[in-house]
Amino acid sequence: MNFISSKLFESINILKILAIPFSAFLSVIFGMMLLSFPIGLMVVFDSNIGGDINFQYPLSGIEQLGINDIEFFSDVTIGDVFVILWSVYAIFFVIAFFGPKNGFLQSLSPILYRNEISPSSNYLVAITKWFSILIFVSAVVTFAQETFGIKTMPPSVNNDLFQFFFVTLSPIPEEIGFRSLLIGIPVFLIYSEKFSFKHFFKSLWNPANNLNFHNSKLFFIIIIITGVLFGFAHIFAGDSWSEGKFAQASISGIILGWLYIRLGLIAAIMVHWATNYFIFSYSTLISQINDISLSESFYHPFLNTMELLFLLSGIISAAMVVCSYFISKKSESYV
């Protein structure tokens, strides 16, 4: 019992040591996320990222969307859809900042001033933390694969404006499809104790708040299967990534699935948004300022510094998740 008690307090002390750098990294990343909103608008509406193609280009002209023959989209432009997507993400960001229980700054205060670790009651804290962990895990997977000569190559898109549009668009349909439908519906059918349309949609929006997970093994299996399908979709659907993306996307899908189960759709969408729009808004800005290609911008010192920031934040966040899990298990044993 004394051994368990000493290990428990040791883990708590580790969490306290990590608390200040954890909150510092999260605050910096939060600030960068906030700045990415005006940067994205500038990239789309006030730059020549697309060359001869700009925000007034019709949506029906993008072959990858497969809507060429649908008359409704003939008058809809890239700029129109981008503004709608941008507005949705901005609304989600504000919701995440203020809730679901405490505001972002209010949730960080106990960590900053009293070195106290408490369960996160703010979406944005969780979003920033899990985004960092996802980047860290992805980097480890990519490094391991490249050691064995497995490259991760993105799909070829013939226009940088199109590419930025696609990475901005994809989080919403992919999270609704892979998380709400492929995870949300099965867990509702398995765990729901009542059936109504209102309860059904509330459960799809936030499973943990509306369902009783009496057996976690089943939803873990669903999350893993959906994560693997998410990985396959990245290498087989349309203009796809190279095979090296499979492992990275599968693990990302599992992390997003877990986040969806525990915190709901808004958290999963915003972490996905961070890996897409957030990162690409800075990379496209760097490519425009320095007159280099989008692929070259990812090797720019500023982007390398961002990557290092995310990796350090991911390591600290992952360590805090592990310590918190260890503390919860040891506390149960101690009791």
# chains A, B, ... in the order shown; residues from 1 in each chain; ligands from 1
call {"tool": "residues_around", "arguments": {"residues": "His272 in chain A", "least_positions_apart": "3", "cutoff": "10 Å", "atoms": "only C-alpha atoms", "output": "list in words"}}
result
Ile127, Phe131, Leu134, Val167, Thr168, Ser170, Pro171, Ile172, Glu174, Glu175, Ser252, Gly253, Leu256, Ile266, Ala267, Ala268, Ile269, Thr275, Asn276, Tyr277 and Phe278 of chain A
call {"tool": "closest_residue", "arguments": {"among": "A:Gly314, A:Gly51, A:Pro173, A:Gly103", "to": "Ile29 in chain A", "atoms": "only C-alpha atoms"}}
result
A:Gly314
call {"tool": "closest_atom_pairs", "arguments": {"of": "range 249-291 of chain A", "to": "range 35-38 of chain A", "cutoff": "12 Å", "atoms": "only C-alpha atoms", "output": "CSV"}}
result
residue,atom,partner,partner_atom,distance
A:Trp273,CA,A:Ser36,CA,11.0
A:Ala274,CA,A:Ser36,CA,9.6
A:Asn276,CA,A:Ser36,CA,11.2
A:Tyr277,CA,A:Ser36,CA,8.1
A:Phe278,CA,A:Ser36,CA,5.8
A:Ile279,CA,A:Ser36,CA,8.3
A:Phe280,CA,A:Ser36,CA,9.1
A:Ser281,CA,A:Ser36,CA,6.1
A:Tyr282,CA,A:Ser36,CA,7.0
A:Ser283,CA,A:Ser36,CA,10.6
A:Thr284,CA,A:Ser36,CA,11.0
A:Leu285,CA,A:Ser36,CA,9.9
call {"tool": "residues_around", "arguments": {"residues": "Glu307 in chain A", "least_positions_apart": "2", "cutoff": "10 Å", "atoms": "only C-alpha atoms", "output": "PyMOL selection string"}}
result
chain A and resi 132+135-136+139+279+298+301-305+309-313
call {"tool": "closest_atom_pairs", "arguments": {"of": "range 11-51 of chain A", "to": "range 158-163 of chain A", "cutoff": "8 Å", "atoms": "only C-alpha atoms", "output": "tab-separated table"}}
result
residue	atom	partner	partner_atom	distance
A:Val44	CA	A:Leu161	CA	7.1
A:Ile49	CA	A:Leu161	CA	5.7
A:Gly50	CA	A:Leu161	CA	4.6
call {"tool": "select_by_dssp", "arguments": {"residues": "range 229-333 of chain A", "states": "helix (DSSP H, G or I)", "output": "JSON list (two decimals) with C-alpha atoms, in the first residue's frame"}}
result
[["chain", "number", "residue", "atom", "x", "y", "z"],
["A", 229, "LEU", "CA", -11.23, 2.46, -42.58],
["A", 230, "PHE", "CA", -10.19, 6.10, -42.28],
["A", 231, "GLY", "CA", -6.64, 5.04, -43.14],
["A", 232, "PHE", "CA", -7.77, 3.01, -46.17],
["A", 233, "ALA", "CA", -9.89, 5.94, -47.40],
["A", 234, "HIS", "CA", -6.79, 8.14, -47.55],
["A", 235, "ILE", "CA", -4.94, 5.79, -49.89],
["A", 236, "PHE", "CA", -7.75, 4.44, -52.05],
["A", 245, "LYS", "CA", -0.31, 7.62, -45.24],
["A", 246, "PHE", "CA", -2.26, 4.51, -44.18],
["A", 247, "ALA", "CA", -0.68, 4.02, -40.75],
["A", 248, "GLN", "CA", -0.61, 7.74, -39.97],
["A", 249, "ALA", "CA", -4.24, 8.27, -41.00],
["A", 250, "SER", "CA", -5.40, 5.13, -39.16],
["A", 251, "ILE", "CA", -3.82, 6.24, -35.88],
["A", 252, "SER", "CA", -5.19, 9.76, -36.40],
["A", 253, "GLY", "CA", -8.63, 8.25, -37.01],
["A", 254, "ILE", "CA", -8.41, 6.29, -33.76],
["A", 255, "ILE", "CA", -7.43, 9.43, -31.82],
["A", 256, "LEU", "CA", -10.24, 11.42, -33.44],
["A", 257, "GLY", "CA", -12.69, 8.60, -32.73],
["A", 258, "TRP", "CA", -11.72, 8.55, -29.05],
["A", 259, "LEU", "CA", -12.03, 12.34, -28.90],
["A", 260, "TYR", "CA", -15.44, 12.16, -30.55],
["A", 261, "ILE", "CA", -16.71, 9.60, -28.04],
["A", 262, "ARG", "CA", -15.44, 11.53, -25.02],
["A", 263, "LEU", "CA", -16.03, 15.17, -26.06],
["A", 265, "LEU", "CA", -18.32, 16.08, -32.74],
["A", 266, "ILE", "CA", -17.20, 19.68, -32.24],
["A", 267, "ALA", "CA", -13.91, 18.56, -30.66],
["A", 268, "ALA", "CA", -13.20, 16.01, -33.41],
["A", 269, "ILE", "CA", -13.94, 18.53, -36.17],
["A", 270, "MET", "CA", -11.73, 21.22, -34.62],
["A", 271, "VAL", "CA", -8.75, 18.90, -34.09],
["A", 272, "HIS", "CA", -9.13, 17.84, -37.74],
["A", 273, "TRP", "CA", -9.44, 21.54, -38.67],
["A", 274, "ALA", "CA", -6.19, 22.25, -36.83],
["A", 275, "THR", "CA", -4.27, 19.58, -38.77],
["A", 276, "ASN", "CA", -5.65, 20.94, -42.05],
["A", 277, "TYR", "CA", -6.68, 24.60, -42.23],
["A", 278, "PHE", "CA", -4.58, 25.84, -39.31],
["A", 279, "ILE", "CA", -1.29, 24.43, -40.60],
["A", 280, "PHE", "CA", -1.97, 25.14, -44.27],
["A", 281, "SER", "CA", -2.97, 28.76, -43.64],
["A", 282, "TYR", "CA", 0.56, 29.45, -42.36],
["A", 283, "SER", "CA", 2.28, 27.36, -45.04],
["A", 284, "THR", "CA", 0.41, 29.12, -47.86],
["A", 285, "LEU", "CA", 1.20, 32.51, -46.30],
["A", 286, "ILE", "CA", 4.90, 31.60, -46.14],
["A", 287, "SER", "CA", 4.84, 30.43, -49.76],
["A", 288, "GLN", "CA", 3.33, 33.76, -50.86],
["A", 289, "ILE", "CA", 5.65, 35.98, -48.80],
["A", 294, "LEU", "CA", 3.68, 25.27, -51.16],
["A", 295, "SER", "CA", 5.75, 22.10, -50.80],
["A", 296, "GLU", "CA", 8.91, 24.16, -50.27],
["A", 297, "SER", "CA", 7.19, 26.26, -47.58],
["A", 301, "PRO", "CA", 12.51, 27.89, -40.80],
["A", 302, "PHE", "CA", 9.23, 29.35, -39.54],
["A", 303, "LEU", "CA", 7.30, 26.16, -40.35],
["A", 304, "ASN", "CA", 10.11, 24.10, -38.82],
["A", 305, "THR", "CA", 9.80, 26.16, -35.64],
["A", 306, "MET", "CA", 6.04, 25.59, -35.62],
["A", 307, "GLU", "CA", 6.61, 21.85, -36.01],
["A", 308, "LEU", "CA", 9.08, 21.83, -33.12],
["A", 309, "LEU", "CA", 6.56, 23.73, -30.98],
["A", 310, "PHE", "CA", 3.84, 21.19, -31.78],
["A", 311, "LEU", "CA", 6.16, 18.25, -31.09],
["A", 312, "LEU", "CA", 7.26, 19.58, -27.69],
["A", 313, "SER", "CA", 3.65, 20.33, -26.79],
["A", 314, "GLY", "CA", 2.66, 16.85, -27.97],
["A", 315, "ILE", "CA", 5.32, 15.17, -25.82],
["A", 316, "ILE", "CA", 4.26, 17.11, -22.72],
["A", 317, "SER", "CA", 0.57, 16.53, -23.42],
["A", 318, "ALA", "CA", 1.10, 12.80, -23.98],
["A", 319, "ALA", "CA", 3.09, 12.57, -20.74],
["A", 320, "MET", "CA", 0.26, 14.30, -18.87],
["A", 321, "VAL", "CA", -2.34, 11.94, -20.35],
["A", 322, "VAL", "CA", -0.26, 8.91, -19.32],
["A", 323, "CYS", "CA", 0.33, 10.27, -15.81],
["A", 324, "SER", "CA", -3.34, 11.15, -15.37],
["A", 325, "TYR", "CA", -4.36, 7.64, -16.43],
["A", 326, "PHE", "CA", -1.79, 6.13, -14.06],
["A", 327, "ILE", "CA", -3.04, 8.30, -11.19],
["A", 328, "SER", "CA", -6.66, 7.29, -11.77],
["A", 329, "LYS", "CA", -5.74, 3.59, -11.77],
["A", 330, "LYS", "CA", -3.50, 3.86, -8.73],
["A", 331, "SER", "CA", -6.15, 5.85, -6.87],
["A", 332, "GLU", "CA", -8.62, 3.02, -7.47],
["A", 333, "SER", "CA", -6.08, 0.51, -6.16]]
call {"tool": "select_by_dssp", "arguments": {"residues": "range 58-281 of chain A", "states": "strand (DSSP E or B)", "output": "PyMOL selection string"}}
result
chain A and resi 58+77+100+122
call {"tool": "closest_residue", "arguments": {"among": "A:Trp205, A:Phe148, A:Phe195, A:Phe200", "to": "Gly244 in chain A", "atoms": "only C-alpha atoms"}}
result
A:Phe148
call {"tool": "closest_residue", "arguments": {"among": "A:Ile223, A:Leu59, A:Ile78, A:Met32", "to": "Phe45 in chain A", "atoms": "only C-alpha atoms"}}
result
A:Ile78
call {"tool": "residues_around", "arguments": {"residues": "Pro58 in chain A", "least_positions_apart": "3", "cutoff": "7 Å", "atoms": "only C-alpha atoms", "output": "list in words"}}
result
Gly61, Ser74, Asp75, Val76, Thr77 and Ile78 of chain A
call {"tool": "decode", "arguments": {"residues": "range 122-152 of chain A", "atoms": "N, CA and C atoms", "output": "tab-separated table (two decimals), in the first residue's frame"}}
result
chain	number	residue	atom	x	y	z
A	122	ASN	N	-12.97	22.41	-20.66
A	122	ASN	CA	-13.02	23.33	-21.77
A	122	ASN	C	-12.61	22.62	-23.06
A	123	TYR	N	-13.44	22.80	-24.10
A	123	TYR	CA	-13.17	22.16	-25.38
A	123	TYR	C	-11.80	22.55	-25.94
A	124	LEU	N	-11.48	23.85	-25.89
A	124	LEU	CA	-10.28	24.34	-26.56
A	124	LEU	C	-9.01	23.81	-25.91
A	125	VAL	N	-9.03	23.64	-24.58
A	125	VAL	CA	-7.88	23.03	-23.92
A	125	VAL	C	-7.68	21.61	-24.43
A	126	ALA	N	-8.77	20.85	-24.49
A	126	ALA	CA	-8.69	19.47	-24.98
A	126	ALA	C	-8.31	19.43	-26.45
A	127	ILE	N	-8.87	20.33	-27.26
A	127	ILE	CA	-8.57	20.36	-28.69
A	127	ILE	C	-7.10	20.63	-28.94
A	128	THR	N	-6.56	21.64	-28.25
A	128	THR	CA	-5.15	21.99	-28.42
A	128	THR	C	-4.24	20.87	-27.94
A	129	LYS	N	-4.60	20.26	-26.82
A	129	LYS	CA	-3.81	19.15	-26.28
A	129	LYS	C	-3.78	17.97	-27.24
A	130	TRP	N	-4.95	17.54	-27.71
A	130	TRP	CA	-5.01	16.36	-28.56
A	130	TRP	C	-4.49	16.64	-29.96
A	131	PHE	N	-4.60	17.88	-30.43
A	131	PHE	CA	-3.96	18.25	-31.69
A	131	PHE	C	-2.45	18.06	-31.59
A	132	SER	N	-1.86	18.51	-30.47
A	132	SER	CA	-0.42	18.36	-30.26
A	132	SER	C	-0.02	16.89	-30.21
A	133	ILE	N	-0.82	16.09	-29.51
A	133	ILE	CA	-0.53	14.65	-29.42
A	133	ILE	C	-0.63	14.00	-30.79
A	134	LEU	N	-1.64	14.38	-31.57
A	134	LEU	CA	-1.80	13.80	-32.91
A	134	LEU	C	-0.60	14.14	-33.79
A	135	ILE	N	-0.12	15.39	-33.73
A	135	ILE	CA	1.06	15.78	-34.52
A	135	ILE	C	2.28	15.00	-34.07
A	136	PHE	N	2.46	14.83	-32.76
A	136	PHE	CA	3.60	14.08	-32.23
A	136	PHE	C	3.56	12.62	-32.68
A	137	VAL	N	2.40	11.97	-32.54
A	137	VAL	CA	2.26	10.57	-32.94
A	137	VAL	C	2.48	10.41	-34.44
A	138	SER	N	1.94	11.33	-35.23
A	138	SER	CA	2.10	11.29	-36.69
A	138	SER	C	3.57	11.42	-37.08
A	139	ALA	N	4.29	12.29	-36.37
A	139	ALA	CA	5.72	12.47	-36.65
A	139	ALA	C	6.50	11.21	-36.33
A	140	VAL	N	6.16	10.56	-35.23
A	140	VAL	CA	6.84	9.31	-34.86
A	140	VAL	C	6.58	8.23	-35.90
A	141	VAL	N	5.33	8.11	-36.34
A	141	VAL	CA	4.97	7.11	-37.36
A	141	VAL	C	5.69	7.39	-38.67
A	142	THR	N	5.70	8.66	-39.09
A	142	THR	CA	6.37	9.04	-40.34
A	142	THR	C	7.87	8.74	-40.27
A	143	PHE	N	8.50	9.09	-39.14
A	143	PHE	CA	9.92	8.83	-38.97
A	143	PHE	C	10.22	7.33	-39.03
A	144	ALA	N	9.39	6.53	-38.34
A	144	ALA	CA	9.59	5.08	-38.34
A	144	ALA	C	9.45	4.50	-39.74
A	145	GLN	N	8.45	4.98	-40.48
A	145	GLN	CA	8.23	4.46	-41.83
A	145	GLN	C	9.35	4.87	-42.78
A	146	GLU	N	9.81	6.11	-42.67
A	146	GLU	CA	10.88	6.57	-43.55
A	146	GLU	C	12.19	5.87	-43.26
A	147	THR	N	12.35	5.39	-42.02
A	147	THR	CA	13.54	4.59	-41.69
A	147	THR	C	13.59	3.32	-42.54
A	148	PHE	N	12.41	2.79	-42.87
A	148	PHE	CA	12.32	1.59	-43.70
A	148	PHE	C	12.02	1.93	-45.17
A	149	GLY	N	12.19	3.20	-45.53
A	149	GLY	CA	12.03	3.61	-46.91
A	149	GLY	C	10.61	3.80	-47.37
A	150	ILE	N	9.66	3.91	-46.44
A	150	ILE	CA	8.25	4.11	-46.80
A	150	ILE	C	7.95	5.61	-46.75
A	151	LYS	N	7.69	6.19	-47.91
A	151	LYS	CA	7.44	7.62	-48.00
A	151	LYS	C	5.95	7.93	-47.90
A	152	THR	N	5.65	9.11	-47.36
A	152	THR	CA	4.26	9.58	-47.28
A	152	THR	C	4.12	10.78	-48.21
